[in-house]
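Inspection log for the structure reproduced underneath, given as structure tokens.
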Number of protein chains: 4
Amino acid sequence: MKEILENLIRNCRPYTRMGNVASYIPELAKAPGEVLAAACTDLEGKITQAGDVSFPFTMQSVSKLLSLGLALQTVGFDKVLSVVDFNPTADPFDSIMRLEMGQLHKPLNPMINAGAIAIVSILPFDSAEERAEAVLALARELCANEDLEIDRDVYLSEKNTGDRNRALAYFMKSTHCLSGDIENHLDAYFRQCSISVHTRDLSVMAATLAGNGRNPVTGHKILDKKVCQALRAVMITCGMYDGSGDFALKVGLPAKSGVSGAILAVIPDRLGLAVCGPSLDQRGNSVAGIEILRQLSIQHEMRII
Amino acid sequence: MKEILENLIRNCRPYTRMGNVASYIPELAKAPGEVLAAACTDLEGKITQAGDVSFPFTMQSVSKLLSLGLALQTVGFDKVLSVVDFNPTADPFDSIMRLEMGQLHKPLNPMINAGAIAIVSILPFDSAEERAEAVLALARELCANEDLEIDRDVYLSEKNTGDRNRALAYFMKSTHCLSGDIENHLDAYFRQCSISVHTRDLSVMAATLAGNGRNPVTGHKILDKKVCQALRAVMITCGMYDGSGDFALKVGLPAKSGVSGAILAVIPDRLGLAVCGPSLDQRGNSVAGIEILRQLSIQHEMRII
Amino acid sequence: MKEILENLIRNCRPYTRMGNVASYIPELAKAPGEVLAAACTDLEGKITQAGDVSFPFTMQSVSKLLSLGLALQTVGFDKVLSVVDFNPTADPFDSIMRLEMGQLHKPLNPMINAGAIAIVSILPFDSAEERAEAVLALARELCANEDLEIDRDVYLSEKNTGDRNRALAYFMKSTHCLSGDIENHLDAYFRQCSISVHTRDLSVMAATLAGNGRNPVTGHKILDKKVCQALRAVMITCGMYDGSGDFALKVGLPAKSGVSGAILAVIPDRLGLAVCGPSLDQRGNSVAGIEILRQLSIQHEMRII
Amino acid sequence: MKEILENLIRNCRPYTRMGNVASYIPELAKAPGEVLAAACTDLEGKITQAGDVSFPFTMQSVSKLLSLGLALQTVGFDKVLSVVDFNPTADPFDSIMRLEMGQLHKPLNPMINAGAIAIVSILPFDSAEERAEAVLALARELCANEDLEIDRDVYLSEKNTGDRNRALAYFMKSTHCLSGDIENHLDAYFRQCSISVHTRDLSVMAATLAGNGRNPVTGHKILDKKVCQALRAVMITCGMYDGSGDFALKVGLPAKSGVSGAILAVIPDRLGLAVCGPSLDQRGNSVAGIEILRQLSIQHEMRII
């Protein structure tokens with residue numbers, strides 16, 4: 001496996017020169033576009049990695065899986081489904097117009113920003129800090145890494161420039177889809193996006209989702225099987241923003257991307273995968289990261305669809 | 001004229017039972033739906049009024065004429081046209097979706113909320129208080145009434161519940177259509193909406209616009225002719241929200257409505273008209289107010305189109 | 001007046017080099033962009049003209065006034081208002097999306113293509129030929145020119161390439177906004193768009209609308225005053241496509257444009273104006289034509305707003 | 001397996017009383033809402049069925065898999081991807097607005113009507129009849145049933161009332177997404193929708209897709225593995241109209257529904273499933289059909305995600 005990953009990194013390195021590093025959050029714009037790393041963790045807990053594995057990056061939208069998982073596990077499916085739908089959309093992740101067009105104004109799914117903010121708002125804790133702490137605690141468990149922390153510079157950068165998310169949140173408040181203190185919800189959301197990880201961490205988290213909630217490194221059972229199924233279902237239909245269908249065609253795996261260049265992919269009952277390459281396509285997905293997963297799925301028959 | 005207005009009030013009183021008082025701002029929801037008042041001021045400064053003339057109400061969207069007039073008069077047409085277009089829209093006044101769809105994300109005109117907030121943001125004063133004071137000062141001059149004040153209860157009610165306007169403003173900030181402190185802009189906007197008037201005040205303001213900027217009561221020249229032409233142009237195409245075309249068909253006059261039930265209408269070089277009836281149609285326009293203006297325009301050949 | 005028009009043609013000729021001739025109908029794409037002509041007719045029937053006055057052009061969207069006038073005059077306001085609204089829109093003239101978004105799917109006004117097709121469909125004649133003949137007959141009366149004919153090449157070109165209009169019509173049929181034979185309605189619509197005129201013809205038509213339905217050249221009373229008021233109302237709010245508000249700001253007159261470069265403008269109770277310059281701005285309005293009307297309205301105090 | 005299916009039919013029969021039979025095509029409106037049938041075929045070719053298995057129904061949108069498969073197999077992936085994207089959408093299957101909003105006006109995926117019509121238009125045959133024949137021939141092979149025919153009454157009913165599809169097609173022609181004779185394309189599309197089948201036929205087709213193109217009944221290799229992967233990818237992200245995400249959550253299988261009440265579902269390398277229950281939810285999917293698949297996937301661990 002080590003050799004496979006190293007070959008893939010070598011083959012896909014040229015793809016890092018396509019696309020662009022995310023520019024809308026100043027701290028993210030500093031990321032080096034040429035970075036590329038990959039890791040996988042099997043269900044015995046064996047971790048393999050290759051490329052720029054010491055490059056730290058923030059989870060960004062990958063963290064939406066954390067808060068959704070935590071919400072499903074704590075407040076339950078019915079409450080979650082009362083604030084978001086689970087259907088994919090062709091709109092970009094930060095789009096606002098369908099909130100106005102929809103009859104119920106409910107976010108279409110928990111992987112677009114509006115839906116993720118709605119999910120954060122129903123976590124059963126009062127303050128932004130407590131909610132962010134609970135999400136961070138879950139991240140540490142899923143990644144088998146007690147050292148995970150929030151990157152304060154990225155968090156502050158997101159908070160200072162998060163006006164689109166503010167617009168989404170205040171719009172939802174105006175249509176009674178969101179209640180409570182908006183800046184508080186947004187603060188928790190910006191914090192979870194800023195959890196700093198390495199590819200190996202995400203590969204362990206992916207393996208935990210592949211193993212129906214049991215972390216193969218620590219052996220701890222963290223999430224219910226039903227919660228993991230829900231996360232994988234939302235990943236395959238909505239996980240790669242408005243490029244989710246294209247990814248299903250090319251790679252055929254449930255996955256979730258973040259604008260830091262991260263992609264976490266799951267082969268149920270078999271393997272967890274993670275890649276990071278900060279150069280993004282127009283939809284916000286890592287160009288080289290998708291290519292690694294595409295080659296892997298073809299060469300090693302890893303598609304599940 | 002007194003008799004004409006009194007007859008109209010009598011004839012149109014039944015229309016106050018159609019429609020509904022605005023409910024989205026708690027303070028406005030308290031308005032008595034059965035109120036109906038009308039006033040006109042001619043270019044010699046003669047004021048005639050009928051109906052519930054002692055009923056005070058806030059200007060709401062009618063105040064958009066004040067800030068637009070002030071902006072055109074102080075920072076000029078070019079600056080104003082750099083932040084808003086002047087074209088009508090079929091979208092409701094608080095709609096956000098076209099801000100996302102438009103290529104430039106610029107508000108379509110200064111009579112929808114997004115455009116009005118953009119106008120407030122370019123007024124040449126630093127603080128919200130100063131900007132609101134300047135708008136209030138212009139209101140006093142245009143209405144020939146030094147006693148006009150901001151209704152503090154309505155202002156606080158708007159500020160507490162203005163989440164849709166917050167969404168519009170943060171969205172515009174995220175697309176670089178608005179800069180500076182958003183809560184500051186919104187504060188100035190909520191204040192101007194809350195200026196308390198009577199129909200006679202608005203009829204004097206209307207007469208000043210009819211007289212190309214000269215207040216017929218005080219004799220003061222307040223606005224340039226070109227500014228008054230611009231205000232009348234935007235009134236006839238955009239003044240009655242997404243019902244502007246229907247109003248042009250029925251009444252044929254430049255006019256501006258507010259969700260307090262106010263309508264100000266202008267017959268250029270001839271007369272200023274104002275009505276107030278808090279029961280609104282689905283677009284946010286006074287049902288009985290439109291009916292008064294419709295009957296007046298038919299019976300007394302007041303259409304300009 | 002002759003001298004005024006000649007000066008305007010001279011001053012505005014450079015504007016014919018801005019913009020582009022309409023390209024979406026092959027026959028229209030052949031029009032010479034440098035052509036510029038203007039004409040006016042007063043209420044005594046005196047016609048003055050200047051520029052390329054012998055240039056023939058098709059009415060295109062200006063013909064929407066003919067079918068609307070004919071419908072209002074024959075089947076009446078109630079029937080007309082049952083198939084279209086009268087409110088302006090920010091959407092381009094051939095846009096389809098609001099037909100889907102609207103609750104009733106009714107075209108927003110009779111000046112966009114969808115609305116104009118709906119109007120043609122309710123004219124009280126069976127065949128496309130009869131409806132087109134009735135519209136042509138009205139054109140001859142309003143223009144005081146018995147020689148007006150349909151330009152067969154333009155008509156066939158429109159018919160062959162009118163797929164957007166076909167889409168609008170079939171969409172309306174699918175939502176029960178339109179009934180009957182769609183190709184028949186479209187045929188009548190393409191024919192009316194292809195009526196060939198000169199600027200002097202349009203200026204007489206404009207003067208007839210200015211004179212509340214009495215043709216100042218022939219002395220015939222053709223349309224009711226109420227119908228002329230409705231046409232002028234729809235012109236000032238919707239006549240210049242999605243640039244109607246901008247035109248009201250710049251020129252302040254009810255007007256209707258066509259993609260052949262024609263603009264017909266009305267000064268009620270005073271004058272009819274017509275210009276033609278085939279170079280169009282992005283909204284489909286004649287660049288030089290708007291400039292002539294703008295200069296005229298400023299220099300000679302012709303604004304009505 | 002027989003017993004399992006019979007139990008499911010019994011358990012889910014009450015769900016046939018929820019929802020409504022499709023009404024927009026007159027022939028479909030005649031379907032009996034209480035019908036319910038299920039069938040499965042394993043990769044050895046063993047067919048099991050239960051319920052109203054002799055009820056014939058038309059494929060409707062399930063036929064979109066046929067034309068897409070045929071196009072991928074004959075003209076290839078590049079050509080297919082030049083006329084449609086493969087991304088899911090929150091818009092209903094017959095929606096037109098995104099065709100106007102998109103920068104390229106390309107249909108979002110081949111499972112919405114616009115995309116399916118675009119696919120039909122690139123099949124490498126001249127006439128509508130030939131294209132429909134080729135699709136029918138593929139249906140016969142995939143279903144292992146030489147007797148399949150087009151239901152002429154349904155076909156004519158669709159053709160007579162298919163105005164929404166006509167609007168989609170003419171719109172695409174106007175934006176150069178579709179070329180050639182539109183009525184011809186639509187005719188081929190209406191014919192393929194009208195192929196009449198039983199649940200056992202669809203279960204064999206599903207098993208062929210599960211077996212990567214080899215029909216387990218006839219043993220014939222019909223489609224490439226890569227084509228089957230593409231079909232399954234588009235099924236899991238787009239196959240259940242705008243309810244695809246909800247179905248992935250509940251059932252976790254690639255599937256395709258039709259408004260006749262049919263659903264075809266695939267367990268790769270394992271099983272083909274088909275159900276039919278004409279009572280539909282608001283998105284156009286069989287209520288009882290979804291419930292059968294949901295119970296089956298839970299009780300027998302059939303989810304692949």
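Note on naming: chains are A, B, ... as they come in the structure tokens, residues start from 1 per chain, ligands start from 1 in the order shown.
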Next on the checklist: I'd like to know which residues of range 167-294 of chain A are helix (DSSP H, G or I) (by DSSP, run on the backbone); could you write them as an MDAnalysis selection string?
Outcome noted: chainID A and resid 167:174 182:193 199:210 225:238 241:250 287:294
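Using only C-alpha atoms, the part of chain A that sits within 7 Å of chain D is made up of A:Phe86, A:Asn87, A:Pro88, A:Thr89, A:Ala90, A:Gln229, A:Ala230, A:Arg232, A:Ala233, A:Val234, A:Thr237, A:Asp242, A:Gly243, A:Ser244, A:Gly245, A:Asp246, A:Ala248, A:Leu249, A:Gly252, A:Pro268, A:Ile305.
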Checklist entry - Near Leu271 in chain B, counting only C-alpha atoms, which residues have an atom at most 10 Å away, once you skip same-chain residues fewer than 4 positions from it, shown as an MDAnalysis selection string? => result chainID B and resid 40:46 203:204 206:211 265:267 302
Using only C-alpha atoms, please write the residues we just selected to a file, as a JSON list (two decimals), in the first residue's frame.
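This went into part10.json:
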```json
[["chain", "number", "residue", "atom", "x", "y", "z"],
["B", 40, "CYS", "CA", -53.12, 67.39, -0.56],
["B", 41, "THR", "CA", -50.96, 70.45, -0.87],
["B", 42, "ASP", "CA", -50.99, 72.71, -3.92],
["B", 43, "LEU", "CA", -48.06, 74.70, -5.23],
["B", 44, "GLU", "CA", -49.26, 77.81, -3.42],
["B", 45, "GLY", "CA", -48.86, 75.90, -0.19],
["B", 46, "LYS", "CA", -52.54, 75.41, 0.52],
["B", 203, "SER", "CA", -48.55, 65.94, 1.21],
["B", 204, "VAL", "CA", -46.22, 68.91, 1.70],
["B", 206, "ALA", "CA", -45.13, 65.51, -2.26],
["B", 207, "ALA", "CA", -45.85, 69.11, -3.25],
["B", 208, "THR", "CA", -42.16, 69.96, -2.87],
["B", 209, "LEU", "CA", -41.32, 67.14, -5.28],
["B", 210, "ALA", "CA", -44.12, 68.35, -7.60],
["B", 211, "GLY", "CA", -42.60, 71.82, -7.47],
["B", 265, "ALA", "CA", -48.09, 60.74, -4.92],
["B", 266, "VAL", "CA", -46.92, 63.61, -7.10],
["B", 267, "ILE", "CA", -48.59, 65.51, -9.93],
["B", 302, "MET", "CA", -55.04, 63.80, -12.62]]
```
Next on the checklist: Using DSSP assignments from the backbone, pull out every residue in range 91-227 of chain A that falls under strand (DSSP E or B) and give it to me as a list in words.
Outcome noted: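 Checking each residue of range 91-227 of chain A, the strand (DSSP E or B) ones are Glu149, Ile150, Ile195, Ser196, Val197, Arg214 and Lys221 of chain A.
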File of the preceding selection, all heavy atoms, as a CSV table (one decimal), in the first residue's frame:
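Contents of the output file out-v9.csv:
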```csv
chain,number,residue,atom,x,y,z
A,149,GLU,N,-6.3,20.5,17.6
A,149,GLU,CA,-6.7,21.8,18.1
A,149,GLU,C,-7.3,22.7,17.0
A,149,GLU,O,-7.2,22.4,15.8
A,149,GLU,CB,-5.5,22.6,18.7
A,149,GLU,CG,-4.9,21.9,19.9
A,149,GLU,CD,-5.7,22.0,21.1
A,149,GLU,OE1,-6.8,22.8,21.1
A,149,GLU,OE2,-5.4,21.4,22.1
A,150,ILE,N,-8.0,23.7,17.4
A,150,ILE,CA,-8.5,24.7,16.5
A,150,ILE,C,-7.4,25.7,16.1
A,150,ILE,O,-6.7,26.2,17.0
A,150,ILE,CB,-9.7,25.5,17.1
A,150,ILE,CG1,-10.9,24.5,17.2
A,150,ILE,CG2,-10.0,26.7,16.3
A,150,ILE,CD1,-12.0,25.0,18.1
A,195,ILE,N,-10.6,23.4,12.7
A,195,ILE,CA,-9.9,22.3,13.4
A,195,ILE,C,-8.7,21.8,12.5
A,195,ILE,O,-8.9,21.5,11.3
A,195,ILE,CB,-10.8,21.1,13.7
A,195,ILE,CG1,-11.9,21.5,14.6
A,195,ILE,CG2,-10.0,19.9,14.2
A,195,ILE,CD1,-13.0,20.4,14.9
A,196,SER,N,-7.5,21.8,13.0
A,196,SER,CA,-6.3,21.6,12.2
A,196,SER,C,-6.0,20.1,12.3
A,196,SER,O,-6.0,19.5,13.4
A,196,SER,CB,-5.2,22.4,12.7
A,196,SER,OG,-4.0,22.2,11.9
A,197,VAL,N,-5.7,19.5,11.1
A,197,VAL,CA,-5.4,18.0,11.0
A,197,VAL,C,-4.3,17.8,10.0
A,197,VAL,O,-3.9,18.7,9.4
A,197,VAL,CB,-6.7,17.2,10.6
A,197,VAL,CG1,-7.8,17.3,11.6
A,197,VAL,CG2,-7.2,17.8,9.3
A,214,ARG,N,-16.8,2.2,14.7
A,214,ARG,CA,-15.7,1.7,15.6
A,214,ARG,C,-14.4,2.2,15.0
A,214,ARG,O,-14.0,2.0,13.9
A,214,ARG,CB,-15.7,0.2,15.6
A,214,ARG,CG,-14.8,-0.5,16.6
A,214,ARG,CD,-14.7,-2.0,16.4
A,214,ARG,NE,-13.5,-2.5,16.9
A,214,ARG,CZ,-12.3,-2.5,16.2
A,214,ARG,NH1,-12.3,-2.0,15.0
A,214,ARG,NH2,-11.2,-3.0,16.8
A,221,LYS,N,-15.9,2.2,20.1
A,221,LYS,CA,-17.1,2.4,19.3
A,221,LYS,C,-17.6,3.8,19.5
A,221,LYS,O,-18.0,4.2,20.7
A,221,LYS,CB,-18.1,1.4,19.8
A,221,LYS,CG,-19.5,1.5,19.1
A,221,LYS,CD,-19.5,1.0,17.7
A,221,LYS,CE,-21.0,1.1,17.2
A,221,LYS,NZ,-21.0,0.9,15.7
```
Checklist outcome for this item: One decimal place gives the CA of Leu223 in chain A-CA of Ala134 in chain A separation as 13.9 Å
Next on the checklist: as a list in words, please: the residues near Ser279 in chain D (cut-off 8 Å, only C-alpha atoms, same-chain neighbours under 3 positions excluded).
Outcome noted: Thr16, Arg17, Met18, Gly19, Asn20, Val21, Ala22, Gly33, Glu34, Gly261, Ser286, Val287 and Ala288 of chain D
Go ahead and save the picked residues with N, CA and C atoms, as a PDB file, in the first residue's frame.
```
ATOM      1  N   THR D  16     -49.938   1.991  -0.499  1.00  0.00           N
ATOM      2  CA  THR D  16     -50.497   2.333  -1.823  1.00  0.00           C
ATOM      3  C   THR D  16     -51.643   3.318  -1.697  1.00  0.00           C
ATOM      4  N   ARG D  17     -52.148   3.475  -0.473  1.00  0.00           N
ATOM      5  CA  ARG D  17     -53.234   4.446  -0.305  1.00  0.00           C
ATOM      6  C   ARG D  17     -52.724   5.856  -0.050  1.00  0.00           C
ATOM      7  N   MET D  18     -51.399   5.975   0.132  1.00  0.00           N
ATOM      8  CA  MET D  18     -50.811   7.324   0.223  1.00  0.00           C
ATOM      9  C   MET D  18     -50.398   7.746  -1.185  1.00  0.00           C
ATOM     10  N   GLY D  19     -50.261   9.017  -1.379  1.00  0.00           N
ATOM     11  CA  GLY D  19     -49.812   9.499  -2.681  1.00  0.00           C
ATOM     12  C   GLY D  19     -50.902   9.458  -3.724  1.00  0.00           C
ATOM     13  N   ASN D  20     -50.529   9.818  -4.952  1.00  0.00           N
ATOM     14  CA  ASN D  20     -51.502   9.914  -6.034  1.00  0.00           C
ATOM     15  C   ASN D  20     -50.919   9.374  -7.330  1.00  0.00           C
ATOM     16  N   VAL D  21     -51.763   8.775  -8.133  1.00  0.00           N
ATOM     17  CA  VAL D  21     -51.355   8.333  -9.462  1.00  0.00           C
ATOM     18  C   VAL D  21     -51.013   9.556 -10.308  1.00  0.00           C
ATOM     19  N   ALA D  22     -49.982   9.449 -11.154  1.00  0.00           N
ATOM     20  CA  ALA D  22     -49.575  10.564 -12.027  1.00  0.00           C
ATOM     21  C   ALA D  22     -50.753  11.035 -12.854  1.00  0.00           C
ATOM     22  N   GLY D  33     -54.311   2.736  -8.422  1.00  0.00           N
ATOM     23  CA  GLY D  33     -53.352   3.136  -7.394  1.00  0.00           C
ATOM     24  C   GLY D  33     -53.019   2.026  -6.416  1.00  0.00           C
ATOM     25  N   GLU D  34     -53.899   1.017  -6.294  1.00  0.00           N
ATOM     26  CA  GLU D  34     -53.691   0.001  -5.263  1.00  0.00           C
ATOM     27  C   GLU D  34     -52.765  -1.130  -5.710  1.00  0.00           C
ATOM     28  N   GLY D 261     -44.812   4.480 -11.566  1.00  0.00           N
ATOM     29  CA  GLY D 261     -44.753   3.810 -10.276  1.00  0.00           C
ATOM     30  C   GLY D 261     -43.625   2.793 -10.195  1.00  0.00           C
ATOM     31  N   SER D 286     -42.789   6.238  -6.362  1.00  0.00           N
ATOM     32  CA  SER D 286     -43.780   5.341  -5.787  1.00  0.00           C
ATOM     33  C   SER D 286     -43.642   5.282  -4.261  1.00  0.00           C
ATOM     34  N   VAL D 287     -44.698   5.607  -3.547  1.00  0.00           N
ATOM     35  CA  VAL D 287     -44.649   5.611  -2.083  1.00  0.00           C
ATOM     36  C   VAL D 287     -44.424   4.198  -1.551  1.00  0.00           C
ATOM     37  N   ALA D 288     -45.255   3.262  -1.999  1.00  0.00           N
ATOM     38  CA  ALA D 288     -45.138   1.888  -1.499  1.00  0.00           C
ATOM     39  C   ALA D 288     -43.865   1.241  -2.024  1.00  0.00           C
TER      40      ALA D 288
END
```
Checklist entry - So which residues touch range 56-65 of chain D within 6 Å, counting only C-alpha atoms, skipping near sequence neighbours fewer than 6 positions away, as a PyMOL selection string? => result chain D and resi 116+193-198+256-258
Write the residues you've just listed into a file as a PDB file, in the first residue's frame, and include C-alpha atoms for each of them.
```pdb
ATOM      1  CA  ALA D 116     -32.737  12.712 -21.399  1.00  0.00           C
ATOM      2  CA  CYS D 193     -40.983   6.298 -22.214  1.00  0.00           C
ATOM      3  CA  SER D 194     -43.867   4.150 -23.436  1.00  0.00           C
ATOM      4  CA  ILE D 195     -42.103   0.766 -23.527  1.00  0.00           C
ATOM      5  CA  SER D 196     -44.430  -1.589 -21.653  1.00  0.00           C
ATOM      6  CA  VAL D 197     -42.944  -4.017 -19.095  1.00  0.00           C
ATOM      7  CA  HIS D 198     -43.700  -6.105 -16.009  1.00  0.00           C
ATOM      8  CA  LYS D 256     -34.223   4.755 -10.958  1.00  0.00           C
ATOM      9  CA  SER D 257     -37.905   5.587 -10.709  1.00  0.00           C
ATOM     10  CA  GLY D 258     -40.598   6.361 -13.288  1.00  0.00           C
TER      11      GLY D 258
END
```
Item to check | Distance query Leu202 in chain D at most 7 Å, only C-alpha atoms, self and fewer than 6 positions along chain excluded, as an MDAnalysis selection string | outcome: chainID D and resid 143 264 274
Could you write those residues out with N, CA, C and O atoms, as a PDB file, in the first residue's frame?
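Output below, filename again.pdb:
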```
ATOM      1  N   CYS D 143     -33.748  -6.922 -20.530  1.00  0.00           N
ATOM      2  CA  CYS D 143     -34.825  -7.557 -19.761  1.00  0.00           C
ATOM      3  C   CYS D 143     -34.984  -9.043 -20.117  1.00  0.00           C
ATOM      4  O   CYS D 143     -35.810  -9.736 -19.512  1.00  0.00           O
ATOM      5  N   LEU D 264     -36.462   0.651 -10.250  1.00  0.00           N
ATOM      6  CA  LEU D 264     -35.478  -0.389 -10.518  1.00  0.00           C
ATOM      7  C   LEU D 264     -34.288  -0.097  -9.611  1.00  0.00           C
ATOM      8  O   LEU D 264     -33.807   1.040  -9.578  1.00  0.00           O
ATOM      9  N   ALA D 274     -36.864  -4.889  -8.610  1.00  0.00           N
ATOM     10  CA  ALA D 274     -37.824  -4.002  -9.268  1.00  0.00           C
ATOM     11  C   ALA D 274     -39.129  -4.024  -8.503  1.00  0.00           C
ATOM     12  O   ALA D 274     -39.545  -5.072  -7.993  1.00  0.00           O
TER      13      ALA D 274
END
```
Next on the checklist: Which residues are close to Glu6 in chain C, i.e. within 12 Å by only C-alpha atoms, leaving aside same-chain residues fewer than 6 positions away? Reply as a ChimeraX atom specification.
Outcome noted: /C:12-13,36-40,48-53,292,296
Next on the checklist: Between D:Val259, D:Val227, D:Leu168, D:Gln295, which residue has the minimum interatomic distance to Glu100 in chain C, considering only C-alpha atoms?
Outcome noted: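 Among the listed residues, D:Leu168 lies closest to Glu100 in chain C.
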Checklist outcome for this item: CA of Glu291 in chain A to CA of Leu66 in chain A measures 25.1 Å
Item to check | Residue among C:Asn160, C:Asn145, C:Thr218, C:Ser121 lying closest to Ser179 in chain C, counting only C-alpha atoms | outcome: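 The shortest atom-to-atom distance to Ser179 in chain C comes from C:Ser121.
Among the candidates D:Met205, D:Ala71, D:Val35, D:Ala29, the one nearest to Ile47 in chain D when counting only C-alpha atoms is D:Met205.
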